[in-house]
Amino acid sequence: MAEAETTAEAAGGRGAQLERSGLRHGWTTGACATAATTAAYTALLGAEFPDPVTIELPKGQRPAFALAAEELTADRAMAAVVKDAGDDPDVTHGALVRATVRVLPPGSGVVFRAGPGVGTVTRPGLPLEVGEPAINPVPRQMMRDHIASVAARYGGTGDVEIEISVDHGEEIARSTWNPRLGILGGLSILGTTGIVVPYSCSAWIDSIRRGVDVARAAGRTHVAGCTGSTSEKVAVAVHGLPQDALLDMGDFAGAVLKYLRRHPVDRLTVAGGFAKLSKLAAGHLDLHSSRSQVDKGFLAELARRGGADAELAEAVATANTGLETVQLCTARGVPLGDLVAAAARDTALGVLRGAPVTVDVICIDRAGTIVGRAEPRGPGGG
């Protein structure tokens, strides 16, 4: 048993995590689009639609995809694949990804088009030019490689137009970051490995990084990492920030801080619920309830530093919720909210490791009332 565990650990990374978890992985929209493209071009060159169609992923895996739809005319072929995200709670799970391939004149190369349900880039800062379909670089390269392989096998030139569409994609995209990032009209075709690892949260973290990129490209020098929509509204009210300066960090405070460490902006506001930011204050970078808990002992110690007597400190340590602790202290004139905000700011500055980013913190209650603030401080303490 121990030997098997050691072997899994030696394998490392997401593969070992997935093996230990027993969860089922899935496929990215990029992998689905590549499979559909491969099938469509094969049929367009005179062969049968391969069903299932096998593709090769960037790391050498060779999954097979069943076709959900196919259509062939004299000048084009369409094939479709249903996205299976495995056990990952992905909003695109079950989406129908279609690829329509048309032959172009020799020398045209591979041209990508956004069909219904696939977005178009309208703002700088993403890895695609403004006006381009939101088909990311790795899926594009996967499709180019498979077009070349099919062309070599069946005598084509490899000069094609690939139109990717996703049924109901525009509706699904409303549940993603795309509208805020300036990707309009639908979903992005994503993926760097072709594989979705369940509960990896990679898509959310990637969207945080792209949000920072978009803000920097727009010339924003002040961004806000917010735990939810209520804290976003507070950050806008306090600082007057535009939409493209708001980062929906959710529980992933560490993802925001680590990316800003490498790609700094002048100022970061961290805004969120008191309970979540008390976790950041205690040194947690993942604020999800399944991975970190409110440490009331830590809050009691902060309260003591703020002037709480033994009775109040005990009440804080035994309170039912994080919000109750700040309410108890506020009633007794102890600024626990401000102390938590200051400690959260210090944690953030520690993760930033001297990057030229000034940080302030805003703690709120469920109604959006500010219950704690820490004034801006930079890496030098100023």
# chains A, B, ... in the order shown; residues from 1 in each chain; ligands from 1
call {"tool": "select_by_dssp", "arguments": {"residues": "region 314-376 of chain A", "states": "alpha helix (DSSP H)", "output": "number ranges by chain"}}
result
A: 314-317, 322-331, 336-352
call {"tool": "residues_around", "arguments": {"residues": "Ala281 (chain A)", "least_positions_apart": "5", "cutoff": "6 Å", "atoms": "only C-alpha atoms", "output": "list in words"}}
result
Val340, Ala343 and Ala344 of chain A
call {"tool": "closest_atom_pairs", "arguments": {"of": "region 78-137 of chain A", "to": "region 38-41 of chain A", "cutoff": "9 Å", "atoms": "only C-alpha atoms", "output": "JSON lines"}}
result
{"residue": "A:Met78", "atom": "CA", "partner": "A:Ala40", "partner_atom": "CA", "distance": 5.2}
{"residue": "A:Ala79", "atom": "CA", "partner": "A:Ala40", "partner_atom": "CA", "distance": 5.2}
{"residue": "A:Ala80", "atom": "CA", "partner": "A:Ala40", "partner_atom": "CA", "distance": 8.6}
{"residue": "A:Ala99", "atom": "CA", "partner": "A:Ala40", "partner_atom": "CA", "distance": 7.0}
{"residue": "A:Thr100", "atom": "CA", "partner": "A:Ala40", "partner_atom": "CA", "distance": 6.8}
{"residue": "A:Val101", "atom": "CA", "partner": "A:Tyr41", "partner_atom": "CA", "distance": 6.1}
{"residue": "A:Arg102", "atom": "CA", "partner": "A:Tyr41", "partner_atom": "CA", "distance": 8.1}
{"residue": "A:Val103", "atom": "CA", "partner": "A:Tyr41", "partner_atom": "CA", "distance": 8.7}
call {"tool": "residues_around", "arguments": {"residues": "region 351-360 of chain A", "least_positions_apart": "3", "cutoff": "10 Å", "atoms": "only C-alpha atoms", "output": "VMD selection string"}}
result
chain A and resid 221 to 224 254 256 to 271 283 285 341 to 342 344 to 348 373 to 382
call {"tool": "residues_around", "arguments": {"residues": "Ala303 (chain A)", "least_positions_apart": "3", "cutoff": "7 Å", "atoms": "only C-alpha atoms", "output": "PyMOL selection string"}}
result
chain A and resi 299-300+306-308+313+334+336
call {"tool": "write_last_selection", "arguments": {"atoms": "N, CA and C atoms", "output": "tab-separated table (two decimals), in the first residue's frame"}}
result
chain	number	residue	atom	x	y	z
A	299	LEU	N	-8.81	35.10	16.07
A	299	LEU	CA	-9.57	36.35	16.20
A	299	LEU	C	-9.60	36.83	17.64
A	300	ALA	N	-9.68	35.90	18.59
A	300	ALA	CA	-9.65	36.30	20.00
A	300	ALA	C	-8.32	36.96	20.36
A	306	GLY	N	-6.33	44.44	20.45
A	306	GLY	CA	-7.10	45.65	20.23
A	306	GLY	C	-7.76	46.20	21.48
A	307	GLY	N	-7.48	45.56	22.63
A	307	GLY	CA	-8.00	46.09	23.88
A	307	GLY	C	-9.11	45.28	24.51
A	308	ALA	N	-9.43	44.12	23.98
A	308	ALA	CA	-10.49	43.30	24.56
A	308	ALA	C	-10.06	42.73	25.90
A	313	ALA	N	-12.68	38.43	24.95
A	313	ALA	CA	-11.84	37.52	24.18
A	313	ALA	C	-12.42	36.11	24.21
A	334	VAL	N	-14.03	47.62	20.31
A	334	VAL	CA	-12.77	46.98	19.90
A	334	VAL	C	-12.79	46.84	18.38
A	336	LEU	N	-12.05	45.06	15.83
A	336	LEU	CA	-11.60	43.78	15.29
A	336	LEU	C	-11.60	43.79	13.77
call {"tool": "select_by_dssp", "arguments": {"residues": "region 218-291 of chain A", "states": "strand (DSSP E or B)", "output": "list in words"}}
result
His222, Val223, Ala224, Gly225, Cys226, Leu246, Leu247, Asp248, Phe252, Arg267, Leu268, Thr269, Val270, Ala271, Gly272, Gly273 and Asp286 of chain A
call {"tool": "atom_distance", "arguments": {"atom1": "CA of Ser165 (chain A)", "atom2": "CA of Asp51 (chain A)"}}
result
19.7 Å
call {"tool": "atom_distance", "arguments": {"atom1": "CA of Asp251 (chain A)", "atom2": "CA of Cys329 (chain A)"}}
result
25.4 Å
call {"tool": "atom_distance", "arguments": {"atom1": "CA of Asp248 (chain A)", "atom2": "CA of His288 (chain A)"}}
result
14.0 Å
call {"tool": "closest_residue", "arguments": {"among": "A:Ala64, A:Ala31, A:Val91, A:Leu104", "to": "Met143 (chain A)", "atoms": "only C-alpha atoms"}}
result
A:Ala31
call {"tool": "residues_around", "arguments": {"residues": "Val326 (chain A)", "least_positions_apart": "6", "cutoff": "12 Å", "atoms": "only C-alpha atoms", "output": "VMD selection string"}}
result
chain A and resid 273 to 275 278 296 299 to 300 302 to 303 306 308 312 to 313 315 to 317 319 to 320 332 to 341 363 to 365 370 to 372
call {"tool": "write_last_selection", "arguments": {"atoms": "C-alpha atoms", "output": "CSV table (one decimal), in the first residue's frame"}}
result
chain,number,residue,atom,x,y,z
A,273,GLY,CA,-16.7,39.3,3.6
A,274,PHE,CA,-15.2,39.5,7.1
A,275,ALA,CA,-15.1,35.8,7.6
A,278,SER,CA,-10.2,36.6,8.5
A,296,LYS,CA,-11.8,32.1,16.3
A,299,LEU,CA,-9.6,36.3,16.2
A,300,ALA,CA,-9.7,36.3,20.0
A,302,LEU,CA,-6.4,39.9,17.6
A,303,ALA,CA,-9.2,41.2,19.9
A,306,GLY,CA,-7.1,45.7,20.2
A,308,ALA,CA,-10.5,43.3,24.6
A,312,LEU,CA,-14.8,39.6,25.5
A,313,ALA,CA,-11.8,37.5,24.2
A,315,ALA,CA,-16.8,35.4,23.8
A,316,VAL,CA,-15.0,35.9,20.5
A,317,ALA,CA,-13.3,32.5,20.8
A,319,ALA,CA,-18.7,32.7,18.9
A,320,ASN,CA,-20.9,30.9,16.4
A,332,ARG,CA,-17.5,47.0,23.0
A,333,GLY,CA,-15.4,49.5,21.0
A,334,VAL,CA,-12.8,47.0,19.9
A,335,PRO,CA,-11.8,47.5,16.2
A,336,LEU,CA,-11.6,43.8,15.3
A,337,GLY,CA,-12.6,44.5,11.7
A,338,ASP,CA,-9.8,46.9,11.2
A,339,LEU,CA,-7.3,44.5,12.9
A,340,VAL,CA,-8.4,41.7,10.6
A,341,ALA,CA,-8.1,44.0,7.6
A,363,CYS,CA,-14.0,43.9,5.1
A,364,ILE,CA,-17.8,43.9,4.8
A,365,ASP,CA,-20.7,42.1,6.3
A,370,ILE,CA,-17.9,48.1,5.8
A,371,VAL,CA,-16.8,46.6,9.1
A,372,GLY,CA,-13.1,46.9,8.8
call {"tool": "residues_around", "arguments": {"residues": "Leu96 (chain A)", "least_positions_apart": "5", "cutoff": "10 Å", "atoms": "only C-alpha atoms", "output": "number ranges by chain"}}
result
A: 29, 32-33, 68-69, 80-84, 165-169
call {"tool": "write_last_selection", "arguments": {"atoms": "all heavy atoms", "output": "tab-separated table (two decimals), in the first residue's frame"}}
result
chain	number	residue	atom	x	y	z
A	29	THR	N	-12.84	22.29	-24.06
A	29	THR	CA	-13.51	22.69	-25.31
A	29	THR	C	-12.53	22.65	-26.47
A	29	THR	O	-12.92	22.36	-27.61
A	29	THR	CB	-14.12	24.09	-25.18
A	29	THR	OG1	-13.15	24.99	-24.62
A	29	THR	CG2	-15.37	24.07	-24.31
A	32	CYS	N	-12.35	19.09	-27.70
A	32	CYS	CA	-13.58	18.75	-28.42
A	32	CYS	C	-13.60	19.39	-29.80
A	32	CYS	O	-14.00	18.76	-30.79
A	32	CYS	CB	-14.80	19.21	-27.61
A	32	CYS	SG	-15.00	18.34	-26.04
A	33	ALA	N	-13.19	20.65	-29.88
A	33	ALA	CA	-13.15	21.34	-31.17
A	33	ALA	C	-12.16	20.68	-32.11
A	33	ALA	O	-12.40	20.56	-33.32
A	33	ALA	CB	-12.79	22.81	-30.96
A	68	ALA	N	-21.60	13.46	-32.20
A	68	ALA	CA	-23.00	13.67	-31.86
A	68	ALA	C	-23.81	14.13	-33.06
A	68	ALA	O	-25.03	14.03	-33.07
A	68	ALA	CB	-23.12	14.71	-30.75
A	69	ALA	N	-23.11	14.67	-34.08
A	69	ALA	CA	-23.79	15.13	-35.30
A	69	ALA	C	-22.76	15.19	-36.41
A	69	ALA	O	-21.56	15.38	-36.17
A	69	ALA	CB	-24.44	16.50	-35.09
A	80	ALA	N	-19.78	17.32	-34.82
A	80	ALA	CA	-20.01	17.88	-33.49
A	80	ALA	C	-19.71	16.84	-32.42
A	80	ALA	O	-19.92	15.64	-32.61
A	80	ALA	CB	-21.45	18.37	-33.35
A	81	VAL	N	-19.21	17.35	-31.29
A	81	VAL	CA	-18.86	16.51	-30.14
A	81	VAL	C	-19.49	17.13	-28.90
A	81	VAL	O	-19.46	18.36	-28.73
A	81	VAL	CB	-17.31	16.44	-29.98
A	81	VAL	CG1	-16.93	15.81	-28.65
A	81	VAL	CG2	-16.69	15.68	-31.14
A	82	VAL	N	-20.04	16.29	-28.03
A	82	VAL	CA	-20.56	16.77	-26.75
A	82	VAL	C	-19.42	16.85	-25.75
A	82	VAL	O	-18.69	15.87	-25.54
A	82	VAL	CB	-21.66	15.84	-26.21
A	82	VAL	CG1	-22.11	16.29	-24.81
A	82	VAL	CG2	-22.86	15.84	-27.15
A	83	LYS	N	-19.25	18.02	-25.14
A	83	LYS	CA	-18.18	18.16	-24.16
A	83	LYS	C	-18.52	17.39	-22.89
A	83	LYS	O	-19.58	17.54	-22.31
A	83	LYS	CB	-17.93	19.62	-23.79
A	83	LYS	CG	-16.87	19.70	-22.69
A	83	LYS	CD	-16.45	21.07	-22.31
A	83	LYS	CE	-15.54	20.98	-21.10
A	83	LYS	NZ	-15.01	22.28	-20.67
A	84	ASP	N	-17.57	16.56	-22.48
A	84	ASP	CA	-17.68	15.81	-21.23
A	84	ASP	C	-16.60	16.35	-20.30
A	84	ASP	O	-15.41	16.14	-20.53
A	84	ASP	CB	-17.48	14.32	-21.50
A	84	ASP	CG	-17.56	13.47	-20.24
A	84	ASP	OD1	-17.77	14.04	-19.14
A	84	ASP	OD2	-17.39	12.24	-20.35
A	165	SER	N	-18.41	26.52	-33.39
A	165	SER	CA	-19.62	27.05	-32.76
A	165	SER	C	-19.99	26.17	-31.57
A	165	SER	O	-19.57	25.01	-31.48
A	165	SER	CB	-20.77	27.14	-33.75
A	165	SER	OG	-21.09	25.87	-34.27
A	166	VAL	N	-20.74	26.73	-30.64
A	166	VAL	CA	-21.21	25.99	-29.47
A	166	VAL	C	-22.70	26.26	-29.29
A	166	VAL	O	-23.09	27.43	-29.12
A	166	VAL	CB	-20.45	26.39	-28.19
A	166	VAL	CG1	-20.97	25.58	-26.99
A	166	VAL	CG2	-18.95	26.20	-28.34
A	167	ASP	N	-23.50	25.22	-29.35
A	167	ASP	CA	-24.94	25.41	-29.16
A	167	ASP	C	-25.22	26.07	-27.81
A	167	ASP	O	-24.69	25.63	-26.78
A	167	ASP	CB	-25.66	24.07	-29.24
A	167	ASP	CG	-25.70	23.50	-30.65
A	167	ASP	OD1	-24.91	23.96	-31.49
A	167	ASP	OD2	-26.51	22.59	-30.89
A	168	HIS	N	-26.01	27.13	-27.82
A	168	HIS	CA	-26.37	27.89	-26.61
A	168	HIS	C	-25.15	28.52	-25.92
A	168	HIS	O	-25.21	28.85	-24.74
A	168	HIS	CB	-27.12	27.00	-25.61
A	168	HIS	CG	-28.26	26.23	-26.21
A	168	HIS	ND1	-29.39	26.84	-26.72
A	168	HIS	CD2	-28.42	24.89	-26.41
A	168	HIS	CE1	-30.20	25.92	-27.19
A	168	HIS	NE2	-29.64	24.73	-27.04
A	169	GLY	N	-24.06	28.68	-26.66
A	169	GLY	CA	-22.84	29.20	-26.07
A	169	GLY	C	-22.95	30.62	-25.54
A	169	GLY	O	-22.35	30.96	-24.52
call {"tool": "residues_around", "arguments": {"residues": "Thr176 (chain A)", "least_positions_apart": "5", "cutoff": "10 Å", "atoms": "only C-alpha atoms", "output": "mmCIF file with all heavy atoms, in the first residue's frame"}}
result
data_model
loop_
_atom_site.group_PDB
_atom_site.id
_atom_site.type_symbol
_atom_site.label_atom_id
_atom_site.label_comp_id
_atom_site.auth_asym_id
_atom_site.auth_seq_id
_atom_site.Cartn_x
_atom_site.Cartn_y
_atom_site.Cartn_z
ATOM 1 N N VAL A 91 -19.272 24.764 -16.341
ATOM 2 C CA VAL A 91 -20.526 25.250 -16.930
ATOM 3 C C VAL A 91 -20.694 24.789 -18.379
ATOM 4 O O VAL A 91 -21.806 24.802 -18.907
ATOM 5 C CB VAL A 91 -20.640 26.789 -16.875
ATOM 6 C CG1 VAL A 91 -20.705 27.275 -15.450
ATOM 7 C CG2 VAL A 91 -19.497 27.463 -17.629
ATOM 8 N N THR A 92 -19.599 24.391 -19.028
ATOM 9 C CA THR A 92 -19.706 23.938 -20.412
ATOM 10 C C THR A 92 -19.916 22.437 -20.519
ATOM 11 O O THR A 92 -19.969 21.902 -21.637
ATOM 12 C CB THR A 92 -18.455 24.341 -21.220
ATOM 13 O OG1 THR A 92 -17.294 23.750 -20.617
ATOM 14 C CG2 THR A 92 -18.295 25.848 -21.248
ATOM 15 N N GLU A 171 -25.559 32.010 -24.236
ATOM 16 C CA GLU A 171 -26.259 31.942 -22.953
ATOM 17 C C GLU A 171 -25.341 31.402 -21.862
ATOM 18 O O GLU A 171 -25.290 31.938 -20.746
ATOM 19 C CB GLU A 171 -27.492 31.052 -23.086
ATOM 20 C CG GLU A 171 -28.283 30.874 -21.810
ATOM 21 C CD GLU A 171 -29.464 29.938 -21.986
ATOM 22 O OE1 GLU A 171 -29.819 29.634 -23.151
ATOM 23 O OE2 GLU A 171 -30.014 29.500 -20.967
ATOM 24 N N LEU A 181 -14.261 40.350 -19.614
ATOM 25 C CA LEU A 181 -12.967 40.374 -20.294
ATOM 26 C C LEU A 181 -13.066 40.957 -21.704
ATOM 27 O O LEU A 181 -12.050 41.104 -22.375
ATOM 28 C CB LEU A 181 -12.391 38.958 -20.380
ATOM 29 C CG LEU A 181 -12.022 38.296 -19.049
ATOM 30 C CD1 LEU A 181 -11.562 36.876 -19.294
ATOM 31 C CD2 LEU A 181 -10.952 39.096 -18.322
ATOM 32 N N GLY A 186 -20.253 34.886 -26.932
ATOM 33 C CA GLY A 186 -20.230 33.467 -26.602
ATOM 34 C C GLY A 186 -19.032 33.058 -25.788
ATOM 35 O O GLY A 186 -18.359 33.875 -25.153
ATOM 36 N N LEU A 187 -18.745 31.766 -25.836
ATOM 37 C CA LEU A 187 -17.695 31.147 -25.030
ATOM 38 C C LEU A 187 -16.324 31.272 -25.679
ATOM 39 O O LEU A 187 -16.200 31.596 -26.857
ATOM 40 C CB LEU A 187 -18.017 29.659 -24.839
ATOM 41 C CG LEU A 187 -19.249 29.343 -23.999
ATOM 42 C CD1 LEU A 187 -19.685 27.896 -24.240
ATOM 43 C CD2 LEU A 187 -18.958 29.577 -22.523
ATOM 44 N N SER A 188 -15.311 30.982 -24.878
ATOM 45 C CA SER A 188 -13.951 30.817 -25.386
ATOM 46 C C SER A 188 -13.680 29.333 -25.587
ATOM 47 O O SER A 188 -14.188 28.493 -24.841
ATOM 48 C CB SER A 188 -12.939 31.393 -24.402
ATOM 49 O OG SER A 188 -13.136 32.762 -24.200
ATOM 50 N N ALA A 203 -9.768 26.709 -14.395
ATOM 51 C CA ALA A 203 -10.424 27.686 -15.264
ATOM 52 C C ALA A 203 -10.626 29.010 -14.542
ATOM 53 O O ALA A 203 -10.425 30.083 -15.115
ATOM 54 C CB ALA A 203 -11.766 27.137 -15.737
ATOM 55 N N TRP A 204 -11.010 28.929 -13.267
ATOM 56 C CA TRP A 204 -11.227 30.166 -12.508
ATOM 57 C C TRP A 204 -9.911 30.901 -12.311
ATOM 58 O O TRP A 204 -9.818 32.110 -12.502
ATOM 59 C CB TRP A 204 -11.859 29.839 -11.150
ATOM 60 C CG TRP A 204 -12.506 31.009 -10.462
ATOM 61 C CD1 TRP A 204 -12.202 32.336 -10.600
ATOM 62 C CD2 TRP A 204 -13.593 30.962 -9.536
ATOM 63 N NE1 TRP A 204 -13.024 33.105 -9.802
ATOM 64 C CE2 TRP A 204 -13.884 32.275 -9.142
ATOM 65 C CE3 TRP A 204 -14.326 29.904 -8.995
ATOM 66 C CZ2 TRP A 204 -14.879 32.583 -8.224
ATOM 67 C CZ3 TRP A 204 -15.320 30.213 -8.080
ATOM 68 C CH2 TRP A 204 -15.596 31.538 -7.705
ATOM 69 N N SER A 207 -8.877 32.540 -15.383
ATOM 70 C CA SER A 207 -9.654 33.750 -15.653
ATOM 71 C C SER A 207 -9.170 34.919 -14.802
ATOM 72 O O SER A 207 -9.211 36.067 -15.241
ATOM 73 C CB SER A 207 -11.151 33.488 -15.414
ATOM 74 O OG SER A 207 -11.445 33.342 -14.045
#
call {"tool": "decode", "arguments": {"residues": "region 366-377 of chain A", "atoms": "all heavy atoms", "output": "JSON list (two decimals), in the first residue's frame"}}
result
[["chain", "number", "residue", "atom", "x", "y", "z"],
["A", 366, "ARG", "N", -22.58, 40.83, 5.38],
["A", 366, "ARG", "CA", -23.37, 40.28, 4.28],
["A", 366, "ARG", "C", -24.18, 41.34, 3.54],
["A", 366, "ARG", "O", -24.50, 41.19, 2.37],
["A", 366, "ARG", "CB", -24.30, 39.19, 4.81],
["A", 366, "ARG", "CG", -23.59, 37.94, 5.26],
["A", 366, "ARG", "CD", -24.58, 36.82, 5.57],
["A", 366, "ARG", "NE", -23.91, 35.63, 6.06],
["A", 366, "ARG", "CZ", -23.68, 35.38, 7.33],
["A", 366, "ARG", "NH1", -24.08, 36.25, 8.25],
["A", 366, "ARG", "NH2", -23.07, 34.28, 7.71],
["A", 367, "ALA", "N", -24.52, 42.42, 4.25],
["A", 367, "ALA", "CA", -25.31, 43.49, 3.63],
["A", 367, "ALA", "C", -24.45, 44.46, 2.84],
["A", 367, "ALA", "O", -24.97, 45.36, 2.18],
["A", 367, "ALA", "CB", -26.09, 44.24, 4.70],
["A", 368, "GLY", "N", -23.13, 44.30, 2.90],
["A", 368, "GLY", "CA", -22.23, 45.21, 2.20],
["A", 368, "GLY", "C", -21.76, 46.38, 3.03],
["A", 368, "GLY", "O", -21.10, 47.29, 2.52],
["A", 369, "THR", "N", -22.06, 46.38, 4.33],
["A", 369, "THR", "CA", -21.58, 47.43, 5.21],
["A", 369, "THR", "C", -20.11, 47.19, 5.54],
["A", 369, "THR", "O", -19.72, 46.05, 5.85],
["A", 369, "THR", "CB", -22.39, 47.45, 6.53],
["A", 369, "THR", "OG1", -23.77, 47.65, 6.20],
["A", 369, "THR", "CG2", -21.91, 48.54, 7.46],
["A", 370, "ILE", "N", -19.31, 48.20, 5.47],
["A", 370, "ILE", "CA", -17.89, 48.07, 5.78],
["A", 370, "ILE", "C", -17.72, 47.91, 7.29],
["A", 370, "ILE", "O", -18.17, 48.74, 8.07],
["A", 370, "ILE", "CB", -17.10, 49.29, 5.27],
["A", 370, "ILE", "CG1", -17.17, 49.36, 3.75],
["A", 370, "ILE", "CG2", -15.64, 49.22, 5.74],
["A", 370, "ILE", "CD1", -16.54, 50.61, 3.15],
["A", 371, "VAL", "N", -17.05, 46.82, 7.69],
["A", 371, "VAL", "CA", -16.83, 46.56, 9.11],
["A", 371, "VAL", "C", -15.35, 46.61, 9.47],
["A", 371, "VAL", "O", -14.99, 46.45, 10.64],
["A", 371, "VAL", "CB", -17.43, 45.20, 9.52],
["A", 371, "VAL", "CG1", -18.94, 45.20, 9.34],
["A", 371, "VAL", "CG2", -16.79, 44.04, 8.75],
["A", 372, "GLY", "N", -14.51, 46.81, 8.49],
["A", 372, "GLY", "CA", -13.07, 46.91, 8.76],
["A", 372, "GLY", "C", -12.32, 47.40, 7.54],
["A", 372, "GLY", "O", -12.68, 47.05, 6.41],
["A", 373, "ARG", "N", -11.29, 48.20, 7.78],
["A", 373, "ARG", "CA", -10.46, 48.69, 6.68],
["A", 373, "ARG", "C", -9.01, 48.77, 7.11],
["A", 373, "ARG", "O", -8.70, 49.02, 8.28],
["A", 373, "ARG", "CB", -10.91, 50.09, 6.21],
["A", 373, "ARG", "CG", -12.25, 50.11, 5.52],
["A", 373, "ARG", "CD", -12.55, 51.44, 4.88],
["A", 373, "ARG", "NE", -11.69, 51.72, 3.74],
["A", 373, "ARG", "CZ", -11.85, 52.77, 2.92],
["A", 373, "ARG", "NH1", -12.85, 53.63, 3.13],
["A", 373, "ARG", "NH2", -11.05, 52.95, 1.90],
["A", 374, "ALA", "N", -8.13, 48.56, 6.15],
["A", 374, "ALA", "CA", -6.70, 48.77, 6.35],
["A", 374, "ALA", "C", -6.23, 49.72, 5.28],
["A", 374, "ALA", "O", -6.47, 49.48, 4.09],
["A", 374, "ALA", "CB", -5.94, 47.45, 6.27],
["A", 375, "GLU", "N", -5.59, 50.78, 5.67],
["A", 375, "GLU", "CA", -5.14, 51.79, 4.72],
["A", 375, "GLU", "C", -4.03, 51.25, 3.82],
["A", 375, "GLU", "O", -3.37, 50.26, 4.16],
["A", 375, "GLU", "CB", -4.66, 53.04, 5.48],
["A", 375, "GLU", "CG", -5.76, 53.77, 6.21],
["A", 375, "GLU", "CD", -6.89, 54.19, 5.28],
["A", 375, "GLU", "OE1", -6.59, 54.82, 4.25],
["A", 375, "GLU", "OE2", -8.05, 53.87, 5.56],
["A", 376, "PRO", "N", -3.79, 51.88, 2.68],
["A", 376, "PRO", "CA", -2.79, 51.37, 1.73],
["A", 376, "PRO", "C", -1.40, 51.30, 2.34],
["A", 376, "PRO", "O", -0.96, 52.21, 3.04],
["A", 376, "PRO", "CB", -2.83, 52.40, 0.59],
["A", 376, "PRO", "CG", -4.15, 53.07, 0.73],
["A", 376, "PRO", "CD", -4.48, 53.09, 2.17],
["A", 377, "ARG", "N", -0.72, 50.20, 2.06],
["A", 377, "ARG", "CA", 0.67, 50.03, 2.48],
["A", 377, "ARG", "C", 1.42, 49.30, 1.38],
["A", 377, "ARG", "O", 0.89, 48.33, 0.79],
["A", 377, "ARG", "CB", 0.75, 49.27, 3.80],
["A", 377, "ARG", "CG", 2.19, 49.04, 4.28],
["A", 377, "ARG", "CD", 2.23, 48.44, 5.67],
["A", 377, "ARG", "NE", 1.72, 49.40, 6.66],
["A", 377, "ARG", "CZ", 1.56, 49.12, 7.93],
["A", 377, "ARG", "NH1", 1.84, 47.90, 8.39],
["A", 377, "ARG", "NH2", 1.12, 50.05, 8.77]]
